[in-house]
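Worksheet for the structure shown next.
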Amino acid sequence: MKNNKKGLSTIVATLLIILLTLVAVGIIWVVVKNVITGGASQVTVDSKCLAANIVATKVVTSPINATFTSYNVTLNRAGGEDQIGGVKLAFTNADESSSEVVDIPGNIAVLSTFTTPVSVDDARLANATKVSVVVYFLDDSGNAQLCTTANQLSF
């Protein structure tokens with residue numbers, strides 16, 4: 001009987017190459033799948049942002065003292081059917097050297113007007129002249145996904 005060890009080593013080497021190829025394909029698939037899934041969720045948020053049009057239509061300023069100012073901001077939602085997570089209002093002074101962001105959580109109904117009081121305790125923003133409105137949505141884990149567009153109102 002002949003012992004042919006050369007044939008056995010060829011089969012083992014071929015099986016190892018096939019196994020390494022399958023592992024490499026699996027690793028590449030996981031990376032590609034994560035990129036595609038992440039991109040798809042960002043596209044969903046961006047499409048919601050395009051539809052949800054919320055603008056500040058009126059700001060009434062009520063100075064309390066030298067550092068504390070109260071603003072009544074009227075927001076109008078013109079479109080979008082999806083429920084939003086809230087809006088962030090960024091108040092900026094005249095020379096744009098100081099700003100403060102205030103979070104207004106909660107949904108604003110479609111085609112409705114909403115007035116909210118906002119208090120700013122900063123002497124540099126006692127005479128804010130501009131407010132920017134940024135809409136955000138909540139993802140599946142409850143994190144805020146900010147829209148990239150902002151509507152501004154000078155007052």
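Lettering and numbering for the structure tokens are positional, with chains as A, B, ... in the shown order, residues counted from 1 in each chain, and ligands counted from 1 in the shown order.
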* Asked: Which polymer residues have any atom within 12 Å of an atom of Glu81 of chain A, counting only C-alpha atoms, with same-chain residues fewer than 5 positions away left out, as a ChimeraX atom specification?
  -> /A:47-53,107-111
Determine which residues of chain A receive a DSSP assignment of helix (DSSP H, G or I), computed from the backbone, and state them as an mmCIF file with C-alpha atoms, in the first residue's frame.
data_model
loop_
_atom_site.group_PDB
_atom_site.id
_atom_site.type_symbol
_atom_site.label_atom_id
_atom_site.label_comp_id
_atom_site.auth_asym_id
_atom_site.auth_seq_id
_atom_site.Cartn_x
_atom_site.Cartn_y
_atom_site.Cartn_z
ATOM 1 C CA LYS A 5 0.772 12.479 1.804
ATOM 2 C CA LYS A 6 1.212 14.983 -0.991
ATOM 3 C CA GLY A 7 -2.431 14.657 -2.082
ATOM 4 C CA LEU A 8 -3.724 15.200 1.455
ATOM 5 C CA SER A 9 -1.772 18.441 1.940
ATOM 6 C CA THR A 10 -3.223 19.833 -1.306
ATOM 7 C CA ILE A 11 -6.773 19.205 -0.061
ATOM 8 C CA VAL A 12 -6.037 20.830 3.329
ATOM 9 C CA ALA A 13 -4.475 23.862 1.637
ATOM 10 C CA THR A 14 -7.485 24.227 -0.672
ATOM 11 C CA LEU A 15 -9.902 24.007 2.269
ATOM 12 C CA LEU A 16 -7.914 26.651 4.191
ATOM 13 C CA ILE A 17 -7.999 29.018 1.208
ATOM 14 C CA ILE A 18 -11.776 28.527 0.862
ATOM 15 C CA LEU A 19 -12.250 29.113 4.605
ATOM 16 C CA LEU A 20 -10.158 32.301 4.579
ATOM 17 C CA THR A 21 -12.095 33.553 1.548
ATOM 18 C CA LEU A 22 -15.425 32.983 3.329
ATOM 19 C CA VAL A 23 -14.181 34.807 6.450
ATOM 20 C CA ALA A 24 -12.978 37.761 4.349
ATOM 21 C CA VAL A 25 -16.325 37.953 2.496
ATOM 22 C CA GLY A 26 -18.155 37.877 5.841
ATOM 23 C CA ILE A 27 -16.081 40.732 7.269
ATOM 24 C CA ILE A 28 -16.542 42.851 4.148
ATOM 25 C CA TRP A 29 -20.312 42.171 4.170
ATOM 26 C CA VAL A 30 -20.661 43.368 7.780
ATOM 27 C CA VAL A 31 -18.851 46.630 6.993
ATOM 28 C CA VAL A 32 -20.851 47.266 3.806
ATOM 29 C CA LYS A 33 -24.149 46.465 5.543
ATOM 30 C CA ASN A 34 -23.424 48.968 8.349
ATOM 31 C CA VAL A 35 -22.548 51.697 5.841
ATOM 32 C CA ILE A 36 -25.726 51.081 3.841
ATOM 33 C CA THR A 37 -27.944 50.980 6.948
ATOM 34 C CA GLY A 38 -26.405 54.173 8.379
ATOM 35 C CA GLY A 39 -26.812 55.984 5.066
ATOM 36 C CA ALA A 40 -30.439 54.884 4.753
ATOM 37 C CA SER A 41 -31.329 56.203 8.212
ATOM 38 C CA GLN A 42 -29.704 59.570 7.396
ATOM 39 C CA VAL A 43 -31.707 59.771 4.155
ATOM 40 C CA THR A 44 -34.889 59.150 6.161
ATOM 41 C CA VAL A 45 -34.088 61.993 8.577
ATOM 42 C CA ASP A 46 -33.185 64.341 5.709
ATOM 43 C CA SER A 47 -36.466 63.631 3.889
ATOM 44 C CA LYS A 48 -38.424 64.319 7.092
ATOM 45 C CA CYS A 49 -36.486 67.570 7.531
ATOM 46 C CA LEU A 50 -37.378 68.770 4.050
ATOM 47 C CA ALA A 51 -41.063 68.250 4.753
ATOM 48 C CA ALA A 123 -26.249 89.983 29.704
ATOM 49 C CA ARG A 124 -24.709 89.606 26.225
ATOM 50 C CA LEU A 125 -28.053 88.291 24.926
#
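Distance check against Thr74 of chain A using only C-alpha atoms: of A:Val131, A:Phe137, A:Ser99, A:Gly86, the minimum falls on A:Val131.
Excluding Ala128 of chain A itself and same-chain residues fewer than 3 positions from it, the residues having an atom within 7 Å of it are Phe91, Thr92, Asn93, Ala94 and Leu125 of chain A, counting only C-alpha atoms.
Proximity to Val55 of chain A was assessed for A:Asn143, A:Glu96, A:Ala78, A:Ala126 counting only C-alpha atoms; the smallest distance is recorded for A:Ala78.
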* Asked: Running DSSP on the backbone, which parts of segment 17-95 of chain A land in strand (DSSP E), as a PyMOL selection string?
  -> chain A and resi 54-63+68-77+86-92
Convert the current residue selection to file output with C-alpha atoms, as a PDB file, in the first residue's frame.
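Listed below is the output, result-v5.pdb:
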ATOM      1  CA  ILE A  54     -41.182  75.351  11.066  1.00  0.00           C
ATOM      2  CA  VAL A  55     -40.475  79.076  11.154  1.00  0.00           C
ATOM      3  CA  ALA A  56     -40.454  81.724  13.857  1.00  0.00           C
ATOM      4  CA  THR A  57     -43.053  84.308  12.851  1.00  0.00           C
ATOM      5  CA  LYS A  58     -42.911  86.657  15.844  1.00  0.00           C
ATOM      6  CA  VAL A  59     -40.676  87.363  18.836  1.00  0.00           C
ATOM      7  CA  VAL A  60     -41.796  89.583  21.713  1.00  0.00           C
ATOM      8  CA  THR A  61     -39.006  90.728  24.046  1.00  0.00           C
ATOM      9  CA  SER A  62     -39.599  91.399  27.742  1.00  0.00           C
ATOM     10  CA  PRO A  63     -36.454  92.543  29.599  1.00  0.00           C
ATOM     11  CA  PHE A  68     -32.369  88.300  32.386  1.00  0.00           C
ATOM     12  CA  THR A  69     -34.618  88.581  29.326  1.00  0.00           C
ATOM     13  CA  SER A  70     -37.816  86.753  28.478  1.00  0.00           C
ATOM     14  CA  TYR A  71     -38.818  86.127  24.866  1.00  0.00           C
ATOM     15  CA  ASN A  72     -42.183  84.910  23.626  1.00  0.00           C
ATOM     16  CA  VAL A  73     -41.460  83.094  20.372  1.00  0.00           C
ATOM     17  CA  THR A  74     -44.309  82.235  17.997  1.00  0.00           C
ATOM     18  CA  LEU A  75     -43.589  79.230  15.778  1.00  0.00           C
ATOM     19  CA  ASN A  76     -45.608  78.185  12.729  1.00  0.00           C
ATOM     20  CA  ARG A  77     -45.455  74.678  11.257  1.00  0.00           C
ATOM     21  CA  GLY A  86     -38.842  69.321  19.066  1.00  0.00           C
ATOM     22  CA  VAL A  87     -37.022  72.447  17.976  1.00  0.00           C
ATOM     23  CA  LYS A  88     -33.870  74.192  19.078  1.00  0.00           C
ATOM     24  CA  LEU A  89     -33.948  77.985  19.169  1.00  0.00           C
ATOM     25  CA  ALA A  90     -30.613  79.770  18.826  1.00  0.00           C
ATOM     26  CA  PHE A  91     -30.678  83.400  19.963  1.00  0.00           C
ATOM     27  CA  THR A  92     -27.889  85.633  18.623  1.00  0.00           C
TER      28      THR A  92
END
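The interatomic distance for the pair atom CA of Val120 of chain A and atom CA of Ser132 of chain A works out to 14.7 Å.
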